[in-house]
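Shown next: coords08.tsv, containing TSV, C-alpha atoms.
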```
chain	number	residue	atom	x	y	z
A	134	MET	CA	36.12	35.80	6.22
A	135	GLY	CA	37.96	33.34	4.03
A	136	GLU	CA	38.96	34.31	0.55
A	137	ILE	CA	38.86	32.47	-2.77
A	138	VAL	CA	42.18	33.46	-4.31
A	139	GLY	CA	42.15	31.56	-7.61
A	140	GLY	CA	42.54	28.16	-9.11
A	141	VAL	CA	44.00	25.93	-11.79
A	142	GLY	CA	42.86	23.16	-14.08
A	143	VAL	CA	45.07	20.34	-15.32
A	144	PRO	CA	44.87	16.85	-16.81
A	145	HIS	CA	45.78	13.72	-14.89
A	146	THR	CA	47.01	11.27	-17.54
A	147	PRO	CA	48.57	8.45	-15.49
A	148	HIS	CA	51.46	8.03	-17.91
A	149	PHE	CA	52.70	11.60	-17.57
A	150	PRO	CA	54.82	11.15	-14.41
A	151	GLY	CA	56.68	8.26	-16.06
A	152	ILE	CA	57.17	10.20	-19.29
A	153	VAL	CA	58.76	13.03	-17.34
A	154	ASP	CA	60.86	10.72	-15.16
A	155	ARG	CA	62.21	8.88	-18.21
A	156	GLY	CA	62.88	12.09	-20.11
A	157	GLU	CA	60.80	11.03	-23.10
A	158	PRO	CA	60.22	13.56	-25.92
A	159	LEU	CA	57.04	14.92	-24.35
A	160	ALA	CA	58.75	15.51	-21.00
A	161	GLY	CA	59.84	19.07	-21.72
A	162	GLU	CA	56.36	20.17	-22.71
A	163	LEU	CA	54.85	18.54	-19.64
A	164	ARG	CA	57.39	20.18	-17.36
A	165	ARG	CA	56.64	23.56	-18.91
A	166	LEU	CA	52.85	23.22	-18.71
A	167	TYR	CA	52.57	21.75	-15.25
A	168	GLY	CA	55.37	24.07	-14.13
A	169	THR	CA	53.57	27.17	-15.35
A	170	VAL	CA	50.41	26.16	-13.54
A	171	ALA	CA	52.35	25.15	-10.42
A	172	ARG	CA	54.02	28.56	-10.26
A	173	HIS	CA	50.65	30.24	-10.50
A	174	LEU	CA	49.25	28.05	-7.74
A	175	THR	CA	52.25	28.71	-5.53
A	176	GLY	CA	51.85	32.43	-6.14
A	177	LEU	CA	48.28	32.29	-4.85
A	178	ASP	CA	49.76	31.17	-1.52
A	179	PRO	CA	46.74	29.09	-0.51
A	180	ASP	CA	46.19	27.69	2.97
A	181	VAL	CA	43.93	25.01	1.55
A	182	ILE	CA	42.95	23.68	-1.87
A	183	ILE	CA	39.48	22.61	-2.94
A	184	PHE	CA	40.19	19.69	-5.28
A	185	PHE	CA	37.45	18.88	-7.82
A	186	THR	CA	37.78	15.36	-9.20
A	187	CYS	CA	35.85	12.48	-10.75
A	188	ASP	CA	36.29	9.11	-9.13
A	189	HIS	CA	37.36	6.56	-11.77
A	190	TYR	CA	35.28	3.69	-10.35
A	191	ASN	CA	37.79	3.22	-7.55
A	192	ILE	CA	36.18	4.79	-4.49
A	193	PHE	CA	32.53	4.58	-5.43
A	194	PHE	CA	31.34	1.54	-7.25
A	195	ILE	CA	30.15	-1.32	-5.07
A	196	GLU	CA	28.13	0.35	-2.34
A	197	SER	CA	26.96	3.55	-3.94
A	198	LEU	CA	27.63	6.01	-6.73
A	199	PRO	CA	27.08	9.49	-5.32
A	200	ILE	CA	26.64	12.34	-7.75
A	201	PHE	CA	28.55	14.59	-5.33
A	202	SER	CA	30.59	13.72	-2.30
A	203	ILE	CA	33.19	15.42	-0.11
A	204	GLY	CA	36.03	13.57	1.55
A	205	VAL	CA	36.25	14.41	5.26
A	206	ALA	CA	38.96	11.99	6.46
A	207	PRO	CA	42.06	13.54	8.10
A	208	SER	CA	44.13	12.28	5.18
A	209	ALA	CA	44.09	9.66	2.45
A	210	GLY	CA	46.73	7.79	0.50
A	211	GLY	CA	46.96	6.89	-3.13
A	212	PRO	CA	46.89	6.23	-5.97
A	213	SER	CA	44.78	3.13	-5.46
A	214	ASP	CA	44.53	2.32	-9.15
A	215	TYR	CA	48.13	2.77	-10.35
A	216	ARG	CA	50.34	1.23	-7.68
A	217	GLU	CA	53.36	1.71	-9.92
A	218	LEU	CA	53.12	5.49	-9.51
A	219	GLN	CA	54.62	7.43	-6.62
A	220	ALA	CA	52.52	6.86	-3.51
A	221	TYR	CA	51.45	9.80	-1.39
A	222	GLU	CA	49.61	10.44	1.85
A	223	ILE	CA	47.62	13.59	1.18
A	224	PRO	CA	46.45	15.76	4.08
A	225	ILE	CA	42.80	16.75	4.08
A	226	ALA	CA	41.42	19.87	5.76
A	227	SER	CA	38.87	17.70	7.51
A	228	GLY	CA	37.17	20.41	9.55
A	229	LEU	CA	36.75	22.64	6.54
A	230	ALA	CA	35.56	19.67	4.47
A	231	ARG	CA	32.83	18.95	7.03
A	232	HIS	CA	31.87	22.63	7.12
A	233	ILE	CA	31.58	22.78	3.33
A	234	GLN	CA	29.61	19.53	3.17
A	235	ALA	CA	27.16	20.74	5.81
A	236	HIS	CA	26.76	24.13	4.14
A	237	ALA	CA	26.19	22.50	0.76
A	238	VAL	CA	23.50	20.16	2.13
A	239	ARG	CA	21.76	23.02	3.93
A	240	SER	CA	21.87	24.97	0.67
A	241	GLY	CA	20.02	22.22	-1.17
A	242	PHE	CA	22.89	20.18	-2.61
A	243	ASP	CA	22.70	16.49	-1.74
A	244	VAL	CA	26.41	16.06	-1.16
A	245	GLY	CA	27.60	12.84	0.44
A	246	MET	CA	30.32	12.54	3.06
A	247	SER	CA	33.19	10.11	2.44
A	248	GLN	CA	34.96	9.16	5.63
A	249	GLU	CA	37.44	6.48	4.54
A	250	PHE	CA	38.92	6.06	1.08
A	251	GLU	CA	42.04	6.01	-1.05
A	252	PHE	CA	42.61	8.59	-3.74
A	253	ASP	CA	43.02	7.46	-7.33
A	254	HIS	CA	45.27	8.91	-10.01
A	255	PRO	CA	43.03	11.91	-10.94
A	256	VAL	CA	44.02	13.36	-7.56
A	257	THR	CA	47.58	12.13	-7.11
A	258	VAL	CA	48.93	12.90	-10.60
A	259	PRO	CA	48.04	16.63	-10.53
A	260	LEU	CA	49.37	16.99	-6.98
A	261	HIS	CA	52.53	15.09	-7.97
A	262	PHE	CA	53.26	17.93	-10.38
A	263	LEU	CA	51.72	20.88	-8.55
A	264	THR	CA	52.40	20.35	-4.83
A	265	PRO	CA	54.76	17.36	-4.66
A	266	THR	CA	55.58	17.85	-0.99
A	267	MET	CA	51.85	17.69	-0.21
A	268	GLN	CA	52.27	20.59	2.15
A	269	ILE	CA	48.86	22.13	1.42
A	270	PRO	CA	45.81	20.26	2.73
A	271	ILE	CA	42.99	19.68	0.29
A	272	VAL	CA	39.23	19.29	0.41
A	273	PRO	CA	38.35	16.60	-2.14
A	274	VAL	CA	35.07	17.21	-3.95
A	275	PHE	CA	33.99	14.18	-5.97
A	276	ILE	CA	31.74	14.80	-8.95
A	277	GLY	CA	30.10	11.87	-10.73
A	278	GLY	CA	31.35	12.79	-14.18
A	279	LEU	CA	32.13	9.34	-15.54
A	280	MET	CA	29.14	7.05	-15.10
A	281	PRO	CA	25.84	8.28	-16.55
A	282	PRO	CA	23.58	9.86	-15.57
A	283	LEU	CA	25.92	12.81	-15.19
A	284	PRO	CA	24.96	15.81	-13.07
A	285	PRO	CA	23.95	18.84	-15.14
A	286	ALA	CA	26.72	21.37	-15.71
A	287	TRP	CA	24.63	24.12	-14.12
A	288	ARG	CA	24.36	22.03	-10.97
A	289	CYS	CA	28.15	21.56	-10.83
A	290	HIS	CA	28.64	25.27	-11.39
A	291	GLY	CA	26.16	25.94	-8.59
A	292	LEU	CA	27.97	23.58	-6.25
A	293	GLY	CA	31.15	25.54	-6.84
A	294	ALA	CA	29.32	28.76	-5.97
A	295	VAL	CA	27.97	27.22	-2.76
A	296	ILE	CA	31.47	26.13	-1.79
A	297	ALA	CA	32.59	29.73	-2.29
A	298	GLU	CA	29.78	30.82	0.06
A	299	ALA	CA	31.01	28.35	2.67
A	300	VAL	CA	34.51	29.78	2.35
A	301	THR	CA	33.24	33.27	3.18
A	302	GLN	CA	32.22	31.89	6.59
A	303	LEU	CA	35.81	30.89	7.40
A	304	PRO	CA	38.08	32.85	9.74
A	305	ASP	CA	39.59	36.03	8.38
A	306	GLY	CA	42.63	35.63	6.26
A	307	MET	CA	42.25	32.02	5.18
A	308	ARG	CA	43.25	31.73	1.53
A	309	VAL	CA	41.46	29.07	-0.51
A	310	ALA	CA	42.40	27.96	-4.03
A	311	GLY	CA	40.92	25.32	-6.30
A	312	ILE	CA	42.17	22.59	-8.62
A	313	ALA	CA	40.10	20.95	-11.35
A	314	SER	CA	41.31	17.65	-12.76
A	315	GLY	CA	40.31	16.23	-16.12
A	316	SER	CA	39.92	16.26	-19.89
A	317	PHE	CA	37.45	17.89	-22.27
A	318	SER	CA	37.26	15.09	-24.84
A	319	LEU	CA	38.49	11.60	-24.02
A	320	GLU	CA	37.36	8.05	-24.70
A	321	ILE	CA	38.89	5.17	-22.78
A	322	GLY	CA	38.25	1.65	-23.95
A	323	GLY	CA	34.99	2.36	-25.77
A	324	PRO	CA	33.84	2.53	-29.38
A	325	LEU	CA	35.11	6.10	-29.87
A	326	ILE	CA	38.79	5.20	-29.39
A	327	SER	CA	41.33	6.14	-32.04
A	328	PRO	CA	42.50	3.67	-34.71
A	329	HIS	CA	45.84	3.28	-32.96
A	330	SER	CA	45.16	3.19	-29.23
A	331	HIS	CA	42.78	2.06	-26.52
A	332	THR	CA	42.08	5.74	-25.89
A	333	GLY	CA	41.06	8.58	-28.17
A	334	VAL	CA	39.96	12.17	-28.52
A	335	PRO	CA	36.67	11.73	-30.36
A	336	ASP	CA	35.56	15.35	-30.43
A	337	LEU	CA	38.43	17.76	-30.89
A	338	LYS	CA	35.98	20.39	-32.11
A	339	TRP	CA	34.26	20.30	-28.72
A	340	ALA	CA	37.59	20.49	-26.86
A	341	ASP	CA	38.47	23.56	-28.93
A	342	ARG	CA	35.06	25.06	-28.20
A	343	VAL	CA	35.53	24.52	-24.46
A	344	LEU	CA	38.91	26.17	-24.61
A	345	ALA	CA	37.59	29.15	-26.56
A	346	LEU	CA	34.70	29.70	-24.15
A	347	MET	CA	36.96	29.43	-21.13
A	348	GLY	CA	39.46	31.78	-22.69
A	349	ALA	CA	36.76	34.35	-23.33
A	350	GLY	CA	35.32	34.01	-19.85
A	351	GLN	CA	32.01	32.86	-21.31
A	352	VAL	CA	31.30	30.44	-18.53
A	353	ASP	CA	27.55	30.83	-18.83
A	354	VAL	CA	27.67	29.70	-22.47
A	355	LEU	CA	29.93	26.80	-21.55
A	356	VAL	CA	27.53	25.69	-18.83
A	357	THR	CA	24.62	25.82	-21.28
A	358	GLU	CA	26.42	23.88	-23.98
A	359	ALA	CA	28.02	21.22	-21.76
A	360	ASN	CA	24.92	19.05	-21.53
A	361	GLU	CA	25.05	15.30	-21.07
A	362	GLU	CA	24.38	14.51	-24.72
A	363	ARG	CA	27.18	16.83	-25.81
A	364	LEU	CA	29.58	15.38	-23.28
A	365	SER	CA	28.75	11.79	-24.25
A	366	ARG	CA	29.72	12.53	-27.86
A	367	ALA	CA	33.06	13.82	-26.58
A	368	GLY	CA	33.90	10.49	-24.96
A	369	ASN	CA	33.21	8.42	-21.89
A	370	ALA	CA	35.59	10.55	-19.80
A	371	ALA	CA	34.50	13.93	-21.19
A	372	GLY	CA	32.37	14.46	-18.09
A	373	GLU	CA	35.61	15.36	-16.36
A	374	LEU	CA	34.94	18.83	-17.73
A	375	LEU	CA	32.39	19.13	-14.93
A	376	THR	CA	35.26	19.50	-12.46
A	377	TRP	CA	36.46	22.58	-14.35
A	378	ILE	CA	32.92	23.97	-14.42
A	379	ALA	CA	32.60	23.50	-10.65
A	380	LEU	CA	35.91	25.28	-10.21
A	381	LEU	CA	34.69	28.16	-12.36
A	382	GLY	CA	31.54	28.31	-10.25
A	383	MET	CA	33.68	28.64	-7.15
A	384	LEU	CA	35.83	31.35	-8.71
A	385	GLY	CA	32.99	33.42	-10.15
A	386	ALA	CA	33.07	34.76	-13.68
A	387	SER	CA	36.57	35.60	-14.81
A	388	SER	CA	39.01	34.96	-17.61
A	389	PRO	CA	42.05	32.78	-17.14
A	390	VAL	CA	45.50	34.25	-16.73
A	391	PHE	CA	46.88	31.20	-18.53
A	392	LEU	CA	45.23	28.66	-20.80
A	393	GLU	CA	46.93	26.27	-23.18
A	394	ALA	CA	45.75	23.07	-24.78
A	395	GLN	CA	47.44	19.79	-25.54
A	396	ARG	CA	45.14	19.13	-28.47
A	397	ASP	CA	46.44	15.61	-29.13
A	398	PHE	CA	45.12	14.66	-25.70
A	399	GLY	CA	41.86	16.65	-25.68
A	400	HIS	CA	42.80	18.49	-22.52
A	401	ALA	CA	44.32	21.75	-21.32
A	402	TYR	CA	46.13	23.58	-18.56
A	403	GLY	CA	44.56	26.69	-17.09
A	404	ALA	CA	45.06	29.18	-14.29
A	405	TRP	CA	42.70	31.73	-12.82
A	406	GLN	CA	43.10	34.54	-10.36
A	407	ALA	CA	40.00	35.44	-8.41
A	408	GLY	CA	38.54	38.89	-8.72
A	409	LEU	CA	39.52	39.58	-12.30
A	410	PRO	CA	36.62	40.91	-14.34
A	411	ARG	CA	35.14	39.25	-17.36
A	412	PRO	CA	36.51	40.65	-20.60
A	413	ALA	CA	34.63	43.68	-21.92
A	414	THR	CA	33.94	41.94	-25.20
A	415	SER	CA	32.82	38.38	-25.65
A	416	GLN	CA	35.14	37.76	-28.57
A	417	GLU	CA	36.37	34.23	-28.40
A	418	LEU	CA	40.03	33.36	-28.42
A	419	PRO	CA	41.29	31.02	-31.10
A	420	ALA	CA	41.61	27.48	-29.83
A	421	GLY	CA	44.93	26.81	-28.18
A	422	ARG	CA	45.91	30.43	-27.85
A	423	ARG	CA	47.97	31.18	-24.81
A	424	LEU	CA	46.79	34.14	-22.82
A	425	PRO	CA	49.24	36.69	-21.50
B	291	MET	CA	22.00	-11.25	-13.41
B	292	SER	CA	22.66	-7.91	-15.02
B	293	ILE	CA	25.95	-6.90	-16.64
B	294	TYR	CA	26.90	-5.59	-13.21
B	295	ALA	CA	28.65	-8.91	-12.51
B	296	VAL	CA	31.02	-8.26	-15.43
B	297	ASN	CA	31.63	-4.70	-14.32
B	298	LYS	CA	32.37	-5.88	-10.81
B	299	ILE	CA	34.97	-8.38	-12.04
B	300	CYS	CA	36.70	-5.55	-13.94
B	301	TYR	CA	36.55	-3.29	-10.88
B	302	ARG	CA	38.05	-6.02	-8.69
B	303	VAL	CA	40.83	-6.67	-11.20
B	304	VAL	CA	42.21	-3.19	-10.46
B	305	HIS	CA	42.18	-3.61	-6.70
B	306	GLU	CA	42.77	-7.32	-6.03
B	307	PRO	CA	46.15	-8.71	-7.08
B	308	GLY	CA	44.95	-12.12	-5.89
B	309	LEU	CA	42.11	-12.08	-8.38
B	310	ARG	CA	44.52	-11.09	-11.15
B	311	ARG	CA	46.70	-14.09	-10.27
B	312	ALA	CA	43.68	-16.39	-10.19
B	313	LEU	CA	42.46	-15.15	-13.56
B	314	ALA	CA	45.91	-15.74	-15.02
B	315	GLU	CA	46.29	-19.23	-13.59
B	316	ALA	CA	42.78	-20.70	-13.67
B	317	PRO	CA	40.42	-18.23	-15.34
B	318	GLU	CA	37.31	-20.39	-15.51
B	319	GLU	CA	37.55	-21.36	-11.86
B	320	ALA	CA	38.10	-17.73	-10.86
B	321	LEU	CA	35.18	-16.50	-12.94
B	322	ARG	CA	32.81	-19.23	-11.70
B	323	ALA	CA	33.59	-18.12	-8.14
B	324	ALA	CA	32.53	-14.55	-8.86
B	325	GLN	CA	29.78	-13.00	-6.77
B	326	PRO	CA	27.29	-12.07	-8.00
B	327	PRO	CA	27.48	-14.95	-10.48
B	328	LEU	CA	28.09	-14.35	-14.15
B	329	SER	CA	25.49	-15.49	-16.67
B	330	GLY	CA	26.49	-18.20	-19.13
B	331	ASP	CA	26.88	-15.69	-21.94
B	332	GLU	CA	28.99	-13.41	-19.77
B	333	LEU	CA	31.21	-16.28	-18.64
B	334	ARG	CA	31.76	-17.51	-22.19
B	335	ALA	CA	32.53	-14.02	-23.48
B	336	LEU	CA	34.98	-13.31	-20.67
B	337	LEU	CA	36.81	-16.63	-21.14
B	338	ALA	CA	37.10	-15.85	-24.86
B	339	GLY	CA	38.31	-12.32	-24.20
B	340	ASP	CA	35.35	-11.23	-26.30
B	341	VAL	CA	35.21	-7.68	-25.03
B	342	GLY	CA	33.31	-6.55	-28.11
B	343	THR	CA	30.35	-8.70	-27.16
B	344	LEU	CA	30.59	-7.65	-23.52
B	345	SER	CA	30.68	-4.01	-24.52
B	346	LYS	CA	27.61	-4.48	-26.67
B	347	LEU	CA	25.89	-6.28	-23.79
B	348	GLY	CA	26.31	-3.05	-21.86
B	349	ALA	CA	29.51	-3.55	-19.89
B	350	ASN	CA	31.16	-0.33	-18.84
B	351	ASN	CA	33.94	0.26	-21.35
B	352	PHE	CA	36.18	2.12	-18.93
B	353	LEU	CA	36.07	-0.82	-16.55
B	354	LEU	CA	36.28	-3.38	-19.35
B	355	HIS	CA	39.58	-2.01	-20.63
B	356	GLN	CA	41.21	-2.97	-17.34
B	357	LEU	CA	41.25	-6.57	-18.62
B	358	GLY	CA	43.58	-5.45	-21.40
B	359	ARG	CA	45.61	-3.21	-19.12
B	360	PHE	CA	46.38	-6.13	-16.79
B	361	LYS	CA	46.80	-8.59	-19.68
B	362	LEU	CA	44.09	-10.98	-18.58
B	363	LEU	CA	41.88	-13.45	-20.46
B	364	GLY	CA	44.14	-13.44	-23.49
B	365	LEU	CA	44.04	-9.67	-23.89
B	366	ASP	CA	46.46	-6.81	-23.88
B	367	LEU	CA	45.67	-3.19	-24.67
B	368	PRO	CA	46.26	-3.43	-28.45
B	369	SER	CA	44.15	-6.58	-28.80
B	370	TYR	CA	41.52	-5.13	-26.49
B	371	ALA	CA	41.31	-2.03	-28.66
B	372	GLU	CA	41.15	-4.02	-31.89
B	373	ARG	CA	38.30	-6.18	-30.60
B	374	ILE	CA	36.32	-3.12	-29.53
B	375	ARG	CA	36.90	-1.49	-32.91
B	376	ALA	CA	35.88	-4.68	-34.71
B	377	ALA	CA	32.69	-4.98	-32.70
B	378	TYR	CA	31.56	-1.49	-33.64
B	379	ARG	CA	33.00	-1.35	-37.16
B	380	ASN	CA	29.67	-2.24	-38.69
B	381	GLY	CA	27.57	-0.29	-36.25
```

Can I see the file as structure tokens?
Amino acid sequence: MGEIVGGVGVPHTPHFPGIVDRGEPLAGELRRLYGTVARHLTGLDPDVIIFFTCDHYNIFFIESLPIFSIGVAPSAGGPSDYRELQAYEIPIASGLARHIQAHAVRSGFDVGMSQEFEFDHPVTVPLHFLTPTMQIPIVPVFIGGLMPPLPPAWRCHGLGAVIAEAVTQLPDGMRVAGIASGSFSLEIGGPLISPHSHTGVPDLKWADRVLALMGAGQVDVLVTEANEERLSRAGNAAGELLTWIALLGMLGASSPVFLEAQRDFGHAYGAWQAGLPRPATSQELPAGRRLP
Amino acid sequence: MSIYAVNKICYRVVHEPGLRRALAEAPEEALRAAQPPLSGDELRALLAGDVGTLSKLGANNFLLHQLGRFKLLGLDLPSYAERIRAAYRNG
């Protein structure tokens, strides 16, 4: 059977590739954080990556807004929303994507099937840093985390678990990793923006709480607390956390092997290895602490 | 028509360079051609770059900020942000 080998979570700020390319002051930190996560992902040696993302009103807006959908095209280009960024054609494990979509529907998850689309920056920016040669095919899993009503966190966690079930039906030896893409607290263009920008981190306390719960492996508590009302107070893009929760559902309960926040941005970088047990105690890590 | 017409304009701005050019050159003509049609209040607010009013009418803020990002209707990102802040400053 196939094997879930681990996963990573990262942000997808569209300005980060340019900051790194231009060597701006933040570039070193970005190289270190994305680099650490990229090394972990490379070490997992995956044959395919399940990519959990939230469409930013680019794929789904006019015709329909699915709560969940899986992309089954042979490949897709992008980013559709930031043409100034490096363009990529990203291979999709289409057969596996169809298998997962069918298994999810038969398991009670009403997951749509997207057959023709362009990726937007929440997919291309992480891959730009993590797998820039695009050598590993992905299965894109779209979660409606931006436009209310948001799916419940427990449902996203359950979808991840169902995807893990589908992976166990794969041929022996296939190694499957996951990527989650998004922030914990982020407002874009709305009333919760900062005094100095069109974006903001309106609920740093929540972002710290998310980090602490993830660090302690308390996924069940995180799923309980990450309700729609809580996420809405953390900003109109805070539902991106649901991608991380789906990833954690796919991985099963475990603590990260790496977790570090960029608190100014309300997001973090994390890495998990499948099969590690939950910590014996539920003591929470201080926010921002890097795990060994 | 619901605020959907405003949201759709903002969505199209991201994906249609031709619409961006039209909004820069002849904004009223471009907006009057929108389908579904904008209401009078929506049209006036868009032409004035009054994103605070549009936000309070229920426009999607993530989509709305694209007007500032692409420097349309007299906006850029700093002025967009200031108008949103001003609209909500007093609740």

_Contact set, chain A to chain B: 6 Å, only C-alpha atoms, as an MDAnalysis selection string_ = chainID A and resid 321:323 331

*Closest to Ser208 of chain A among A:Val272, A:Ile296, A:Met383, A:Met307, using all atoms listed in the file?*
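For Ser208 of chain A, the nearest of the given residues is A:Val272.
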
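Residue neighbourhood of Phe242 of chain A, excluding near-sequence residues (fewer than 2 positions): Pro199, Ile200, Phe201, Ser202, Ile203, Ile233, Gln234, Ala235, His236, Ala237, Val238, Arg239, Ser240, Val244, Gly245, Pro284, Arg288, Cys289, His290, Gly291, Leu292, Gly293, Ala294, Val295 and Ile296 of chain A, at 12 Å, using all atoms listed in the file.
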
*asked:* Just the number, please: distance in Å from atom CA of Leu357 of chain B to atom CA of Pro324 of chain A, one decimal.
replied: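 We find that atom CA of Leu357 of chain B and atom CA of Pro324 of chain A lie 15.9 Å from each other.
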
*Å distance separating atom CA of Leu177 of chain A from atom CA of Ser388 of chain A, one decimal place*: 16.0 Å

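The gap separating atom CA of Arg311 of chain B from atom CA of Thr257 of chain A is 26.4 Å, in Å to one decimal.
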
Spatial neighbours of segment 318-320 of chain B, max dist 9 Å, only C-alpha atoms, sep filter under 3 positions, as a compact mmCIF listing (two decimals) with C-alpha atoms, in the frame of the given file:
```txt
# COMPACT_ATOMS: atom_id res chain seq x y z
CA LEU B 309 42.11 -12.08 -8.38
CA ALA B 312 43.68 -16.39 -10.19
CA LEU B 313 42.46 -15.15 -13.56
CA GLU B 315 46.29 -19.23 -13.59
CA ALA B 323 33.59 -18.12 -8.14
CA ALA B 324 32.53 -14.55 -8.86
CA LEU B 333 31.21 -16.28 -18.64
CA LEU B 337 36.81 -16.63 -21.14
```

*For Phe360 of chain B, which residue among A:Pro328, A:Ala297, A:Asp214, A:Glu251 is the nearest when counting all atoms listed in the file?*
A:Asp214

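The nearest approach to Leu166 of chain A among the residues A:Pro212, A:Gly228, A:Pro270, A:Pro259, with all atoms listed in the file taken into account, belongs to A:Pro259.
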
*asked:* Report as a ChimeraX atom specification all protein, DNA and RNA residues lying within 8 Å of Ser318 of chain A, evaluated on all atoms listed in the file, omitting residues in the same chain fewer than 2 positions from it.
replied: /A:316,320,334-337,339-340,364,367-368,370-371,398-400

*Please, which residues are within 10 Å of (38.2, 27.9, -18.8) by the file's coordinates, counting only C-alpha atoms, and could they come as a PyMOL selection string?*
chain A and resi 141-142+343-352+355+374+377-378+380-381+386-393+401-405

*Select all residues near (29.0, 8.2, -2.1) (cut-off 12 Å, inclusive, file coordinates), counting all atoms listed in the file, and output them as an MDAnalysis selection string.*
chainID A and resid 187:188 190:204 243:250 274:277

*asked:* Could you check the closest approach to Leu283 of chain A for each of A:Asp341, A:Glu362, A:Asp154, A:Glu136 and tell me which residue wins, using all atoms listed in the file?
replied: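 So, comparing all the options, the nearest one is A:Glu362.
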
_Of the listed residues A:Pro282, A:Pro150, A:Gly140, A:Gly372, that which approaches Gly176 of chain A most closely, counting all atoms listed in the file_ =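 That would be A:Gly140, the residue with the smallest distance to Gly176 of chain A.
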
Starting from the sparse input, extend segment 348-365 of chain A to N, CA and C atoms and give the output as a PDB file, keeping the file's coordinate frame.
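Produced file part-v4.pdb, reproduced below:
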```pdb
ATOM      1  N   GLY A 348      38.542  30.679 -22.437  1.00  0.00           N
ATOM      2  CA  GLY A 348      39.460  31.780 -22.690  1.00  0.00           C
ATOM      3  C   GLY A 348      38.754  33.121 -22.727  1.00  0.00           C
ATOM      4  N   ALA A 349      37.528  33.113 -23.233  1.00  0.00           N
ATOM      5  CA  ALA A 349      36.760  34.350 -23.330  1.00  0.00           C
ATOM      6  C   ALA A 349      35.979  34.656 -22.056  1.00  0.00           C
ATOM      7  N   GLY A 350      36.073  33.788 -21.082  1.00  0.00           N
ATOM      8  CA  GLY A 350      35.320  34.010 -19.850  1.00  0.00           C
ATOM      9  C   GLY A 350      33.832  33.801 -20.018  1.00  0.00           C
ATOM     10  N   GLN A 351      33.438  33.075 -21.062  1.00  0.00           N
ATOM     11  CA  GLN A 351      32.010  32.860 -21.310  1.00  0.00           C
ATOM     12  C   GLN A 351      31.541  31.581 -20.604  1.00  0.00           C
ATOM     13  N   VAL A 352      31.619  31.633 -19.313  1.00  0.00           N
ATOM     14  CA  VAL A 352      31.300  30.440 -18.530  1.00  0.00           C
ATOM     15  C   VAL A 352      29.819  30.095 -18.654  1.00  0.00           C
ATOM     16  N   ASP A 353      28.979  31.110 -18.729  1.00  0.00           N
ATOM     17  CA  ASP A 353      27.550  30.830 -18.830  1.00  0.00           C
ATOM     18  C   ASP A 353      27.222  30.065 -20.112  1.00  0.00           C
ATOM     19  N   VAL A 354      27.886  30.419 -21.208  1.00  0.00           N
ATOM     20  CA  VAL A 354      27.670  29.700 -22.470  1.00  0.00           C
ATOM     21  C   VAL A 354      28.193  28.266 -22.344  1.00  0.00           C
ATOM     22  N   LEU A 355      29.355  28.128 -21.740  1.00  0.00           N
ATOM     23  CA  LEU A 355      29.930  26.800 -21.550  1.00  0.00           C
ATOM     24  C   LEU A 355      28.987  25.917 -20.735  1.00  0.00           C
ATOM     25  N   VAL A 356      28.437  26.465 -19.673  1.00  0.00           N
ATOM     26  CA  VAL A 356      27.530  25.690 -18.830  1.00  0.00           C
ATOM     27  C   VAL A 356      26.289  25.272 -19.618  1.00  0.00           C
ATOM     28  N   THR A 357      25.804  26.141 -20.466  1.00  0.00           N
ATOM     29  CA  THR A 357      24.620  25.820 -21.280  1.00  0.00           C
ATOM     30  C   THR A 357      24.936  24.724 -22.294  1.00  0.00           C
ATOM     31  N   GLU A 358      26.097  24.824 -22.905  1.00  0.00           N
ATOM     32  CA  GLU A 358      26.420  23.880 -23.980  1.00  0.00           C
ATOM     33  C   GLU A 358      26.893  22.516 -23.471  1.00  0.00           C
ATOM     34  N   ALA A 359      27.426  22.465 -22.263  1.00  0.00           N
ATOM     35  CA  ALA A 359      28.020  21.220 -21.760  1.00  0.00           C
ATOM     36  C   ALA A 359      26.944  20.302 -21.183  1.00  0.00           C
ATOM     37  N   ASN A 360      25.980  19.956 -22.016  1.00  0.00           N
ATOM     38  CA  ASN A 360      24.920  19.050 -21.530  1.00  0.00           C
ATOM     39  C   ASN A 360      25.371  17.596 -21.685  1.00  0.00           C
ATOM     40  N   GLU A 361      24.614  16.701 -21.120  1.00  0.00           N
ATOM     41  CA  GLU A 361      25.050  15.300 -21.070  1.00  0.00           C
ATOM     42  C   GLU A 361      25.196  14.700 -22.462  1.00  0.00           C
ATOM     43  N   GLU A 362      24.297  15.062 -23.355  1.00  0.00           N
ATOM     44  CA  GLU A 362      24.380  14.510 -24.720  1.00  0.00           C
ATOM     45  C   GLU A 362      25.646  14.988 -25.401  1.00  0.00           C
ATOM     46  N   ARG A 363      25.970  16.261 -25.206  1.00  0.00           N
ATOM     47  CA  ARG A 363      27.180  16.830 -25.810  1.00  0.00           C
ATOM     48  C   ARG A 363      28.438  16.169 -25.227  1.00  0.00           C
ATOM     49  N   LEU A 364      28.426  15.988 -23.933  1.00  0.00           N
ATOM     50  CA  LEU A 364      29.580  15.380 -23.280  1.00  0.00           C
ATOM     51  C   LEU A 364      29.739  13.916 -23.703  1.00  0.00           C
ATOM     52  N   SER A 365      28.639  13.203 -23.887  1.00  0.00           N
ATOM     53  CA  SER A 365      28.750  11.790 -24.250  1.00  0.00           C
ATOM     54  C   SER A 365      29.375  11.637 -25.642  1.00  0.00           C
TER      55      SER A 365
END
```
